[in-house]
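Enquirer: Below is the file work.cif, with mmCIF, C-alpha atoms.
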```cif
data_my_file
#
loop_
_atom_site.label_atom_id
_atom_site.label_comp_id
_atom_site.auth_asym_id
_atom_site.auth_seq_id
_atom_site.Cartn_x
_atom_site.Cartn_y
_atom_site.Cartn_z
CA MET E 1 57.22 -24.93 -27.15
CA LYS E 2 53.43 -24.87 -26.77
CA TYR E 3 53.73 -26.33 -23.29
CA PHE E 4 56.20 -23.60 -22.39
CA ILE E 5 53.79 -20.92 -23.58
CA LEU E 6 50.94 -22.55 -21.66
CA LEU E 7 53.05 -22.75 -18.52
CA ALA E 8 54.23 -19.16 -18.89
CA SER E 9 50.71 -17.89 -19.39
CA LEU E 10 49.50 -19.79 -16.36
CA ILE E 11 52.30 -18.38 -14.19
CA CYS E 12 51.64 -14.86 -15.41
CA SER E 13 47.89 -15.16 -15.04
CA ALA E 14 48.19 -16.42 -11.47
CA LYS E 15 49.31 -12.95 -10.46
CA ALA E 16 46.02 -11.42 -11.51
CA LEU E 17 44.03 -10.46 -8.46
CA ALA E 18 40.60 -9.03 -8.05
CA VAL E 19 39.00 -7.92 -4.84
CA SER E 20 35.34 -7.67 -3.97
CA GLU E 21 34.55 -5.56 -0.94
CA CYS E 22 31.11 -5.10 0.58
CA THR E 23 30.11 -2.98 3.55
CA GLY E 24 26.93 -2.48 5.51
CA LEU E 25 25.78 -0.99 8.78
CA SER E 26 23.88 -3.25 11.15
CA LYS E 27 20.93 -2.22 13.31
CA GLU E 28 23.30 -2.52 16.27
CA ASN E 29 25.49 0.18 14.66
CA THR E 30 28.27 -2.19 13.77
CA TRP E 31 30.04 -1.72 10.46
CA VAL E 32 30.43 -5.05 8.73
CA THR E 33 32.83 -5.44 5.82
CA VAL E 34 33.53 -8.56 3.80
CA TYR E 35 36.49 -8.87 1.42
CA ILE E 36 36.92 -11.66 -1.09
CA ASN E 37 40.13 -12.07 -3.07
CA THR E 38 40.18 -13.94 -6.34
CA VAL E 39 43.29 -15.10 -8.18
CA GLY E 40 44.30 -16.40 -11.56
CA ALA E 41 42.89 -15.97 -15.01
CA THR E 42 39.76 -17.87 -14.01
CA GLY E 43 39.13 -15.72 -10.94
CA ILE E 44 39.16 -18.45 -8.33
CA PRO E 45 38.04 -17.15 -4.91
CA ASP E 46 41.13 -17.56 -2.80
CA ARG E 47 40.36 -16.21 0.64
CA GLY E 48 38.01 -13.98 2.53
CA GLU E 49 38.03 -11.63 5.46
CA VAL E 50 35.29 -10.18 7.63
CA THR E 51 35.80 -7.13 9.79
CA PHE E 52 33.49 -5.57 12.34
CA GLU E 53 33.84 -2.00 13.55
CA ARG E 54 31.90 -0.50 16.41
CA GLU E 55 33.03 2.77 17.91
CA ASP E 56 36.78 2.27 18.42
CA ASN E 57 36.74 -1.50 18.39
CA LYS E 58 37.73 -3.40 15.29
CA TYR E 59 37.89 -7.17 15.01
CA GLY E 60 37.14 -9.92 12.56
CA TYR E 61 38.05 -13.29 11.13
CA ARG E 62 39.36 -14.85 7.94
CA PHE E 63 38.28 -17.82 5.92
CA THR E 64 39.93 -19.91 3.24
CA ARG E 65 39.23 -21.08 -0.28
CA GLU E 66 37.85 -24.35 1.09
CA ASP E 67 35.21 -22.46 3.09
CA ILE E 68 33.77 -20.74 0.02
CA ALA E 69 30.90 -22.82 -1.36
CA GLN E 70 29.83 -20.37 -4.07
CA PHE E 71 31.14 -17.07 -5.36
CA PHE E 72 30.42 -14.79 -8.27
CA GLU E 73 31.72 -11.30 -9.05
CA TYR E 74 31.26 -9.17 -12.11
CA ASP E 75 31.93 -5.55 -12.93
CA GLU E 76 30.14 -3.99 -15.87
CA ILE E 77 32.44 -1.28 -17.17
CA ALA E 78 29.83 0.16 -19.54
CA ASN E 79 27.58 1.42 -16.76
CA SER E 80 29.80 1.05 -13.68
CA THR E 81 27.72 -1.62 -12.02
CA ALA E 82 28.80 -4.68 -10.12
CA THR E 83 27.39 -8.02 -9.09
CA VAL E 84 28.65 -9.99 -6.12
CA GLY E 85 27.32 -13.29 -4.81
CA LEU E 86 28.88 -15.25 -1.98
CA ALA E 87 27.97 -18.30 0.06
CA ALA E 88 30.75 -19.22 2.45
CA TYR E 89 30.75 -21.32 5.59
CA VAL E 90 33.70 -20.56 7.84
CA GLU E 91 35.14 -23.84 9.05
CA LYS E 92 32.37 -25.40 6.93
CA GLU E 93 29.79 -24.22 9.43
CA PHE E 94 29.49 -20.48 10.09
CA PRO E 95 27.63 -18.65 7.28
CA VAL E 96 28.79 -15.57 5.42
CA SER E 97 26.60 -14.66 2.47
CA ILE E 98 26.25 -11.72 0.11
CA LYS E 99 23.85 -10.84 -2.66
CA TYR E 100 24.57 -7.55 -4.36
CA SER E 101 23.62 -6.03 -7.66
CA GLY E 102 24.09 -2.29 -8.03
CA PRO E 103 26.59 0.48 -8.63
CA ASN E 104 30.25 -0.43 -8.46
CA TYR E 105 31.51 1.91 -5.77
CA VAL E 106 35.12 1.24 -6.68
CA ASP E 107 37.57 3.87 -5.43
CA MET E 108 35.03 5.18 -2.97
CA ASP E 109 34.73 5.01 0.79
CA LEU E 110 32.01 2.40 1.18
CA LYS E 111 31.10 3.50 4.68
CA SER E 112 30.43 7.01 3.39
CA VAL E 113 28.30 5.59 0.59
CA VAL E 114 26.17 3.72 3.12
CA SER E 115 26.06 6.62 5.59
CA ASP E 116 25.01 9.04 2.88
CA GLY E 117 22.11 6.77 2.02
CA LYS E 118 23.25 6.30 -1.58
CA SER E 119 23.09 2.52 -1.32
CA GLY E 120 19.84 2.46 0.65
CA THR E 121 17.73 3.03 -2.43
CA ILE E 122 18.85 -0.25 -3.98
CA LYS E 123 16.42 -2.99 -3.01
CA ASN E 124 16.94 -6.69 -2.37
CA ASN E 125 20.65 -6.62 -1.64
CA PHE E 126 21.84 -8.20 1.57
CA MET E 127 24.71 -9.52 3.63
CA ARG E 128 24.15 -12.19 6.28
CA VAL E 129 27.31 -12.53 8.27
CA TRP E 130 28.22 -14.74 11.21
CA LYS E 131 29.15 -12.60 14.21
CA GLY E 132 32.46 -14.34 14.74
CA PRO E 133 34.28 -16.56 17.24
CA GLY E 134 32.37 -16.96 20.47
CA HIS E 135 29.02 -16.80 18.71
CA ALA E 136 26.76 -19.62 17.55
CA ALA E 137 26.46 -20.18 13.82
CA THR E 138 22.95 -18.78 13.98
CA ASP E 139 24.15 -15.47 15.45
CA GLN E 140 24.35 -13.37 12.32
CA PHE E 141 24.16 -9.77 11.24
CA GLN E 142 21.60 -9.13 8.56
CA LEU E 143 22.39 -6.04 6.53
CA THR E 144 20.18 -4.78 3.74
CA ASN E 145 21.75 -1.38 3.17
CA VAL E 146 24.87 -2.62 1.41
CA ALA E 147 27.52 -1.05 -0.84
CA CYS E 148 30.00 -3.12 -2.83
CA ALA E 149 33.09 -2.46 -4.89
CA VAL E 150 34.67 -4.87 -7.34
CA TRP E 151 38.30 -4.08 -8.04
CA PRO E 152 39.32 -6.06 -11.12
CA ASN E 153 42.89 -7.09 -11.92
CA ILE E 154 44.80 -5.18 -9.31
CA MET F 1 21.54 -24.67 19.85
CA LYS F 2 22.97 -26.78 17.06
CA THR F 3 22.11 -29.94 18.93
CA SER F 4 18.57 -28.89 19.63
CA VAL F 5 18.02 -27.88 16.03
CA PHE F 6 19.30 -31.22 14.88
CA LEU F 7 17.05 -33.04 17.31
CA VAL F 8 14.02 -31.06 16.24
CA ILE F 9 14.56 -31.94 12.63
CA VAL F 10 15.28 -35.60 13.37
CA THR F 11 12.11 -35.72 15.44
CA LEU F 12 10.16 -34.02 12.69
CA LEU F 13 11.12 -36.67 10.23
CA PHE F 14 11.02 -39.53 12.73
CA SER F 15 11.98 -42.11 10.24
CA SER F 16 14.22 -44.86 11.54
CA ALA F 17 16.37 -44.59 8.45
CA ALA F 18 19.62 -42.71 8.53
CA HIS F 19 19.00 -42.06 4.86
CA ALA F 20 15.95 -40.02 5.71
CA VAL F 21 17.38 -37.58 8.24
CA GLY F 22 16.32 -34.71 6.17
CA TRP F 23 17.38 -31.69 4.18
CA ASP F 24 20.87 -33.01 4.09
CA HIS F 25 23.25 -30.45 2.69
CA GLY F 26 25.07 -31.70 -0.35
CA ASN F 27 23.59 -35.19 -0.42
CA ALA F 28 20.89 -35.41 -3.01
CA GLY F 29 19.79 -38.84 -1.87
CA ASP F 30 18.91 -37.74 1.62
CA THR F 31 17.18 -34.63 0.39
CA VAL F 32 14.91 -36.68 -1.85
CA ALA F 33 14.01 -39.04 0.99
CA SER F 34 13.33 -36.09 3.28
CA GLU F 35 11.10 -34.38 0.76
CA PHE F 36 9.22 -37.62 0.18
CA ILE F 37 8.52 -38.02 3.92
CA LEU F 38 7.58 -34.36 4.35
CA SER F 39 5.24 -34.63 1.37
CA GLY F 40 3.66 -37.69 2.99
CA ARG F 41 3.08 -35.78 6.20
CA ASP F 42 1.68 -32.88 4.25
CA VAL F 43 -0.90 -35.12 2.53
CA LEU F 44 -1.74 -36.80 5.83
CA GLN F 45 -2.41 -33.51 7.52
CA ARG F 46 -4.59 -32.34 4.67
CA LEU F 47 -6.53 -35.63 4.70
CA GLU F 48 -7.20 -35.23 8.41
CA LEU F 49 -8.87 -31.91 7.66
CA LEU F 50 -11.12 -33.41 4.99
CA TYR F 51 -14.69 -33.89 6.18
CA GLU F 52 -17.93 -34.76 4.46
CA ASN F 53 -21.26 -34.45 6.33
CA ASN F 54 -19.31 -33.89 9.54
CA LYS F 55 -17.46 -37.20 9.13
CA PRO F 56 -13.85 -37.72 8.14
CA VAL F 57 -13.60 -38.77 4.51
CA PHE F 58 -10.72 -41.11 5.21
CA ASP F 59 -9.53 -42.95 8.33
CA THR F 60 -5.92 -41.84 8.57
CA ALA F 61 -4.79 -43.95 11.55
CA ASN F 62 -3.02 -46.64 9.51
CA LEU F 63 -1.61 -44.11 7.07
CA ARG F 64 -0.19 -42.07 9.93
CA ALA F 65 1.45 -45.19 11.34
CA ALA F 66 2.88 -46.06 7.95
CA ILE F 67 4.44 -42.61 7.51
CA MET F 68 5.90 -42.75 10.99
CA THR F 69 7.48 -46.16 10.67
CA THR F 70 8.49 -46.58 7.03
CA GLU F 71 12.08 -46.24 5.94
CA VAL F 72 12.52 -44.16 2.82
CA VAL F 73 15.65 -44.28 0.71
CA SER F 74 16.45 -42.93 -2.72
CA GLU F 75 18.46 -44.36 -5.56
CA ASP F 76 19.48 -42.93 -8.92
CA HIS F 77 17.07 -45.29 -10.70
CA VAL F 78 14.49 -47.68 -9.31
CA TYR F 79 13.15 -50.72 -11.20
CA LEU F 80 10.31 -53.18 -10.70
CA ASP F 81 9.96 -56.23 -12.92
CA GLY F 82 12.48 -54.74 -15.31
CA PHE F 83 10.64 -51.42 -15.71
CA GLU F 84 11.84 -48.13 -14.29
CA ARG F 85 9.39 -46.73 -11.70
CA ASP F 86 9.00 -43.44 -9.85
CA ALA F 87 9.15 -45.33 -6.56
CA VAL F 88 8.74 -48.87 -5.26
CA ASN F 89 7.40 -50.12 -1.96
CA PHE F 90 8.27 -53.47 -0.43
CA TYR F 91 4.97 -54.21 1.30
CA PRO F 92 4.34 -56.62 2.99
CA SER F 93 7.87 -57.97 3.46
CA LYS F 94 9.46 -54.65 4.53
CA ARG F 95 8.33 -51.22 5.56
CA LEU F 96 10.57 -49.68 2.95
CA ILE F 97 10.07 -47.29 0.02
CA LYS F 98 12.71 -46.67 -2.62
CA VAL F 99 12.35 -43.39 -4.49
CA ASN F 100 13.72 -42.85 -7.98
CA ARG F 101 16.00 -39.86 -7.53
CA SER F 102 16.24 -38.91 -11.21
CA ARG F 103 12.45 -38.91 -11.59
CA TRP F 104 11.89 -37.06 -8.31
CA MET F 105 13.79 -34.12 -9.80
CA ASP F 106 10.89 -33.72 -12.26
CA LEU F 107 8.22 -34.50 -9.69
CA ARG F 108 9.42 -31.76 -7.36
CA ARG F 109 8.51 -29.07 -9.89
CA SER F 110 5.59 -26.99 -8.66
CA THR F 111 3.58 -27.94 -11.74
CA GLU F 112 3.89 -31.60 -10.74
CA THR F 113 2.41 -31.11 -7.27
CA LYS F 114 -0.55 -33.42 -7.75
CA ALA F 115 1.53 -36.14 -9.38
CA ARG F 116 4.13 -35.85 -6.62
CA LEU F 117 1.63 -36.08 -3.78
CA ARG F 118 -0.33 -38.83 -5.51
CA LEU F 119 2.82 -40.93 -5.82
CA VAL F 120 3.72 -40.35 -2.17
CA LEU F 121 0.21 -41.24 -1.01
CA HIS F 122 0.13 -44.30 -3.29
CA GLU F 123 3.31 -45.75 -1.77
CA TYR F 124 2.26 -45.08 1.81
CA LEU F 125 -1.25 -46.50 1.21
CA TRP F 126 0.31 -49.77 0.15
CA ILE F 127 2.50 -49.80 3.25
CA SER F 128 -0.61 -49.14 5.37
CA GLY F 129 -2.23 -52.25 3.91
CA ILE F 130 -4.50 -50.67 1.29
CA ASP F 131 -4.39 -52.10 -2.22
CA ASP F 132 -3.85 -49.02 -4.38
CA THR F 133 -3.46 -50.79 -7.69
CA ASN F 134 -3.60 -48.31 -10.57
CA PHE F 135 -3.73 -45.44 -8.02
CA VAL F 136 -7.42 -46.17 -7.50
CA HIS F 137 -7.58 -44.66 -3.99
CA SER F 138 -4.72 -42.18 -4.12
CA GLU F 139 -6.01 -40.59 -7.31
CA HIS F 140 -9.46 -40.11 -5.80
CA LEU F 141 -8.16 -38.69 -2.50
CA ILE F 142 -5.74 -36.27 -4.14
CA GLU F 143 -8.56 -35.00 -6.36
CA LEU F 144 -10.72 -34.45 -3.27
CA LEU F 145 -7.93 -32.47 -1.59
CA ASN F 146 -7.70 -30.13 -4.57
CA ILE F 147 -4.18 -28.99 -3.67
CA GLY F 148 -2.75 -25.99 -5.47
CA ASN F 149 0.67 -26.15 -7.07
CA TYR F 150 3.66 -25.42 -4.84
CA SER F 151 7.38 -25.95 -4.89
CA PRO F 152 8.72 -28.02 -1.97
CA SER F 153 11.84 -25.90 -1.82
CA ILE F 154 9.75 -22.78 -1.23
CA TRP F 155 7.17 -24.40 1.03
CA TRP F 156 9.83 -25.59 3.51
CA ASN F 157 11.88 -22.40 3.53
CA PRO F 158 12.18 -20.66 6.00
CA VAL F 159 12.55 -23.52 8.43
CA ASN F 160 10.65 -21.74 11.22
CA PRO F 161 7.78 -19.87 9.60
CA ALA F 162 5.41 -17.70 11.60
CA ASN F 163 2.83 -15.41 10.02
CA TYR F 164 0.48 -14.35 12.82
CA VAL F 165 1.07 -12.76 16.19
CA ARG F 166 -1.50 -12.71 18.95
CA ALA F 167 -1.00 -10.38 21.90
CA ASN F 168 -2.91 -9.92 25.14
CA LEU F 169 -2.33 -7.41 27.88
CA ALA F 170 -1.59 -9.16 31.16
CA PHE F 171 -3.73 -6.67 33.12
CA ALA F 172 -6.11 -5.05 30.70
CA PRO F 173 -9.27 -3.17 31.60
CA GLU F 174 -12.39 -4.39 29.88
CA GLY F 175 -12.64 -3.30 26.29
CA CYS F 176 -8.89 -2.90 25.83
CA SER F 177 -7.34 -5.52 23.56
CA PHE F 178 -4.89 -6.11 20.72
CA ARG F 179 -5.95 -7.14 17.28
CA PRO F 180 -3.84 -9.98 15.80
CA GLY F 181 -0.82 -8.90 13.77
CA LYS F 182 0.21 -10.39 10.47
CA LEU F 183 3.70 -11.21 9.21
CA ASP F 184 4.74 -12.18 5.69
CA ILE F 185 6.93 -15.29 5.63
CA LYS F 186 8.26 -14.26 2.22
CA LEU F 187 9.89 -11.14 3.62
CA SER F 188 13.32 -11.48 5.18
CA GLU F 189 13.01 -8.18 7.01
CA GLU F 190 9.91 -6.47 8.32
CA THR F 191 8.66 -4.52 11.31
CA LEU F 192 5.27 -5.13 12.87
CA LEU F 193 3.79 -2.50 15.18
CA MET F 194 0.82 -3.45 17.32
CA GLU F 195 -1.15 -1.40 19.80
CA PRO F 196 -4.36 -2.09 21.67
CA VAL F 197 -7.72 -0.58 20.86
CA GLY F 198 -10.13 0.73 23.48
CA GLU F 199 -9.56 2.53 26.77
CA CYS F 200 -6.42 0.98 28.24
CA GLY F 201 -5.27 3.62 30.72
CA ASP F 202 -1.92 2.82 32.31
CA SER F 203 -2.09 -0.73 30.94
CA TYR F 204 -1.46 0.59 27.44
CA ARG F 205 1.45 -1.11 25.68
CA GLN F 206 2.84 -0.85 22.19
CA LEU F 207 4.48 -3.86 20.64
CA GLN F 208 7.28 -3.64 18.09
CA ILE F 209 8.40 -6.84 16.38
CA VAL F 210 11.41 -6.61 14.07
CA LYS F 211 12.11 -9.63 11.94
CA GLN F 212 15.60 -10.60 10.84
CA THR F 213 16.72 -13.49 8.70
CA GLY F 214 19.73 -15.77 8.97
CA VAL F 215 21.29 -18.56 6.96
CA THR F 216 20.94 -22.10 8.34
CA PRO F 217 24.35 -23.57 9.19
CA PRO F 218 25.25 -26.88 7.51
CA SER F 219 25.37 -28.80 10.81
CA SER F 220 21.61 -28.29 11.17
CA ASN F 221 21.01 -30.49 8.12
CA ALA F 222 18.61 -27.81 6.95
CA ARG F 223 19.24 -25.77 3.86
CA GLY F 224 17.62 -22.38 3.68
CA LEU F 225 16.80 -19.49 5.96
CA PHE F 226 15.47 -19.00 9.46
CA HIS F 227 13.69 -16.05 11.03
CA LYS F 228 14.36 -14.32 14.32
CA TYR F 229 12.29 -11.61 16.03
CA HIS F 230 13.41 -8.75 18.20
CA ILE F 231 10.44 -7.89 20.39
CA THR F 232 10.21 -4.57 22.23
CA VAL F 233 7.32 -3.46 24.43
CA PHE F 234 6.75 0.24 25.08
CA ASP F 235 4.36 1.96 27.46
CA LYS F 236 2.36 5.12 26.76
CA ALA F 237 5.37 7.33 27.48
CA LYS F 238 7.45 5.33 24.94
CA THR F 239 9.54 3.85 27.74
CA ILE F 240 10.77 0.34 27.09
CA GLN F 241 9.00 -2.08 29.42
CA GLY F 242 10.60 -5.22 28.11
CA GLU F 243 12.46 -6.72 25.18
CA MET F 244 13.59 -10.09 24.03
CA LEU F 245 14.98 -11.96 21.06
CA PHE F 246 12.76 -14.81 19.91
CA GLU F 247 13.62 -17.50 17.39
CA PRO F 248 10.77 -19.96 16.77
CA GLU F 249 11.87 -23.57 16.85
CA TRP F 250 12.95 -24.98 13.55
CA GLY F 251 10.77 -27.55 11.88
CA GLU F 252 7.91 -27.15 14.33
CA CYS F 253 5.40 -25.57 12.02
CA LEU F 254 6.28 -26.85 8.60
CA LEU F 255 3.41 -29.30 8.70
CA PRO F 256 1.02 -27.88 11.22
CA GLU F 257 -1.67 -30.00 12.77
CA LYS F 258 -5.23 -28.77 12.22
CA GLY F 259 -4.00 -26.08 9.87
CA VAL F 260 -2.40 -23.90 12.51
CA CYS F 261 0.68 -24.17 14.65
CA GLN F 262 1.46 -22.27 17.77
CA VAL F 263 5.18 -21.60 17.94
CA SER F 264 7.03 -22.27 21.17
CA GLY F 265 4.11 -21.59 23.46
CA LYS F 266 3.41 -18.27 25.03
CA MET F 267 5.81 -15.62 26.27
CA THR F 268 5.26 -12.59 28.43
CA VAL F 269 7.27 -9.45 27.77
CA GLY F 270 6.68 -6.12 29.49
CA GLY F 271 3.17 -7.04 30.59
CA VAL F 272 2.11 -8.43 27.21
CA GLU F 273 1.45 -12.10 26.48
CA ILE F 274 2.62 -12.92 22.97
CA VAL F 275 1.99 -15.99 20.85
CA PHE F 276 3.43 -16.59 17.40
CA TRP F 277 1.41 -18.67 14.94
CA PHE F 278 1.80 -20.20 11.56
CA LEU F 279 -1.50 -20.37 9.75
CA ARG F 280 -1.64 -22.05 6.39
CA ASP F 281 -3.48 -19.80 3.95
#
```
Could you spell out this file's structure in structure tokens?

Expert:
Amino acid sequence: MKYFILLASLICSAKALAVSECTGLSKENTWVTVYINTVGATGIPDRGEVTFEREDNKYGYRFTREDIAQFFEYDEIANSTATVGLAAYVEKEFPVSIKYSGPNYVDMDLKSVVSDGKSGTIKNNFMRVWKGPGHAATDQFQLTNVACAVWPNI
Amino acid sequence: MKTSVFLVIVTLLFSSAAHAVGWDHGNAGDTVASEFILSGRDVLQRLELLYENNKPVFDTANLRAAIMTTEVVSEDHVYLDGFERDAVNFYPSKRLIKVNRSRWMDLRRSTETKARLRLVLHEYLWISGIDDTNFVHSEHLIELLNIGNYSPSIWWNPVNPANYVRANLAFAPEGCSFRPGKLDIKLSEETLLMEPVGECGDSYRQLQIVKQTGVTPPSSNARGLFHKYHITVFDKAKTIQGEMLFEPEWGECLLPEKGVCQVSGKMTVGGVEIVFWFLRD
């Protein structure tokens, strides 16, 4: 019986999904957004996606669980803050990293948050993101005006 | 790019041992060997700068040769005559040093800087043919150097540090010149604006240097950050006269000779000659 309960709880918990989403605007006026999905009761990072938007062009790339070397997400309900930390290497080589500690802009348009300058007052946050296929691993966007949202258990 | 970065770092370490091809990502053994070799080169460079009455305090020729040619490996624990040691050298039979990985983890603390460098010097002195029983020479030399505490993981990150910029106008009238600009290697993002002083006339140029920081990819065998500079040169009317992206070579200036290192030579952009430097404070 106890094994059945354990199995059932594992199956049910596997459906739990949280999403961390971070956006920034590069000096080259490219919007860079990184999504990380976590699954299960233990919040294992499952996959990631990077999108770039410049004028009417939108492109990006995905990476897998195996490419994520380190990940941490946390949303503090008491004061609506969030923490996101990511070190991923797409195909074990091309870096995607995030360090964010600030307001949890869940349910908000992150691009508007950045454009309005709300996130610019928070210091020491960054995203360093490989520019994508066709670029060397050292070709990266550095973004320091960053807004993140952690969506727990959706 | 990846290949050149790899070659630079291999050259920097120039140990014949595969174990010592440094800053290996995810392999503690290689990282320890790399830090040991880099620490040896650091001490060597400092010793070469040490003078007393206009004479070098220590002849570094044999020590330099020892650092260049000795294989360094690390093991979880290292023993000599049944006792655990921080490191063991195999002079005179082999040019080999084994470093105790578990003890190096303590030695790499910033507060252990003197002990760390003394150990490194001690092992290399033996390899160079100097009897350093009871640390008799290494202790004395490290005391003379009076090195402040530092953490190796901070000292060697970023992998291509530059903290001074020198600029000269290609065709400047007399009395018109730039003052050197200063960058902070601790900052991942900064903008440096430089303009000449004096009467420059049409030769006037303004220099804008915007620093950006990237993450080193695993294939480089380096773990940390690198810096890149977007250089723009304006004339008096704020028209862009030239721009370029400059990334100093990795590993070139970690252990600068004579206390300064000129990064990647000299470049000319928009009528301005620019040289990046790393000057150890």

Enquirer: At a cut-off of 9 Å, which residues of chain E touch chain F? Count only C-alpha atoms and give the answer as a list in words.

Expert: Tyr89, Lys92, Glu93, Phe94, Pro95, Val96, Ser97, Arg128, Val129, Trp130, Ala136, Ala137, Thr138, Asp139, Gln140, Phe141, Gln142 and Thr144 of chain E

Enquirer: List the residues matched by the PyMOL selection byres ((chain E and resi 103) around 10) in the displayed structure as a PyMOL selection string, ordered by chain and then by residue number.

Expert: chain E and resi 75-76+79-83+100-102+104-106+118-119+122+147-150

Enquirer: Report the distance between atom CA of F:Asp131 and atom CA of F:Ile67 in Å, rounded to one decimal place.

Expert: 16.2 Å

Enquirer: Evaluating the PyMOL selection byres ((chain F and resi 91-93) around 12) on the displayed file yields which residues, as number ranges by chain?

Expert: F: 66, 70-71, 88-90, 94-98, 122-132

Enquirer: How many Å separate atom CA of E:Trp151 from atom CA of E:Ser26?

Expert: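 Result for atom CA of E:Trp151 versus atom CA of E:Ser26: 24.0 Å, one decimal.
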
Enquirer: Give me, as a compact mmCIF listing (two decimals) with C-alpha atoms, in the frame of the given file, all polymer residues having an atom no more than 9 Å from F:Gln208, counting all atoms listed in the file and skipping those fewer than 3 positions away in the same chain.

Expert:
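Written out: out.txt:
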```txt
# COMPACT_ATOMS: atom_id res chain seq x y z
CA THR F 191 8.66 -4.52 11.31
CA LEU F 192 5.27 -5.13 12.87
CA LEU F 193 3.79 -2.50 15.18
CA MET F 194 0.82 -3.45 17.32
CA GLU F 195 -1.15 -1.40 19.80
CA HIS F 230 13.41 -8.75 18.20
CA ILE F 231 10.44 -7.89 20.39
CA THR F 232 10.21 -4.57 22.23
CA VAL F 233 7.32 -3.46 24.43
CA PHE F 234 6.75 0.24 25.08
```

Enquirer: For the provided coordinates, the residues matched by the PyMOL selection byres ((chain F and resi 139) around 10) should be stated as JSON, numbers by chain.

Expert: {"F": [114, 115, 117, 118, 119, 121, 122, 132, 134, 135, 136, 137, 138, 140, 141, 142, 143, 144]}

Enquirer: Taking all atoms listed in the file into account, which of F:Val32, F:Ile147, F:Leu50, F:Leu279 comes nearest F:Arg101?

Expert: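 Residue with the minimum atom-to-atom distance to F:Arg101: F:Val32.
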
Enquirer: Which residue, E:Tyr74, E:Val39, E:Thr121, E:Leu25, has the smallest gap to E:Arg54 when you use only C-alpha atoms?

Expert: E:Leu25

Enquirer: For F:Phe36, which residue among F:Trp104, F:Trp277, F:Tyr229, F:Phe58 is the nearest when counting only C-alpha atoms?

Expert: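 That would be F:Trp104, the residue with the smallest distance to F:Phe36.
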
Enquirer: Could you check the closest approach to E:Thr30 for each of E:Phe126, E:Phe71, E:Phe63, E:Phe52 and tell me which residue wins, using all atoms listed in the file?

Expert: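 Closest to E:Thr30, using all atoms listed in the file: E:Phe52.
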
Enquirer: So how many Å separate atom CA of F:Phe171 and atom CA of F:Asp202, to one decimal?

Expert: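 Separation between atom CA of F:Phe171 and atom CA of F:Asp202: 9.7 Å.
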
Enquirer: If you count all atoms listed in the file, which residues fall within 6 Å of stretch 152-162 of chain F, apart from same-chain ones fewer than 3 positions away, as number ranges by chain?

Expert: F: 224-226, 248, 250-251, 277-278
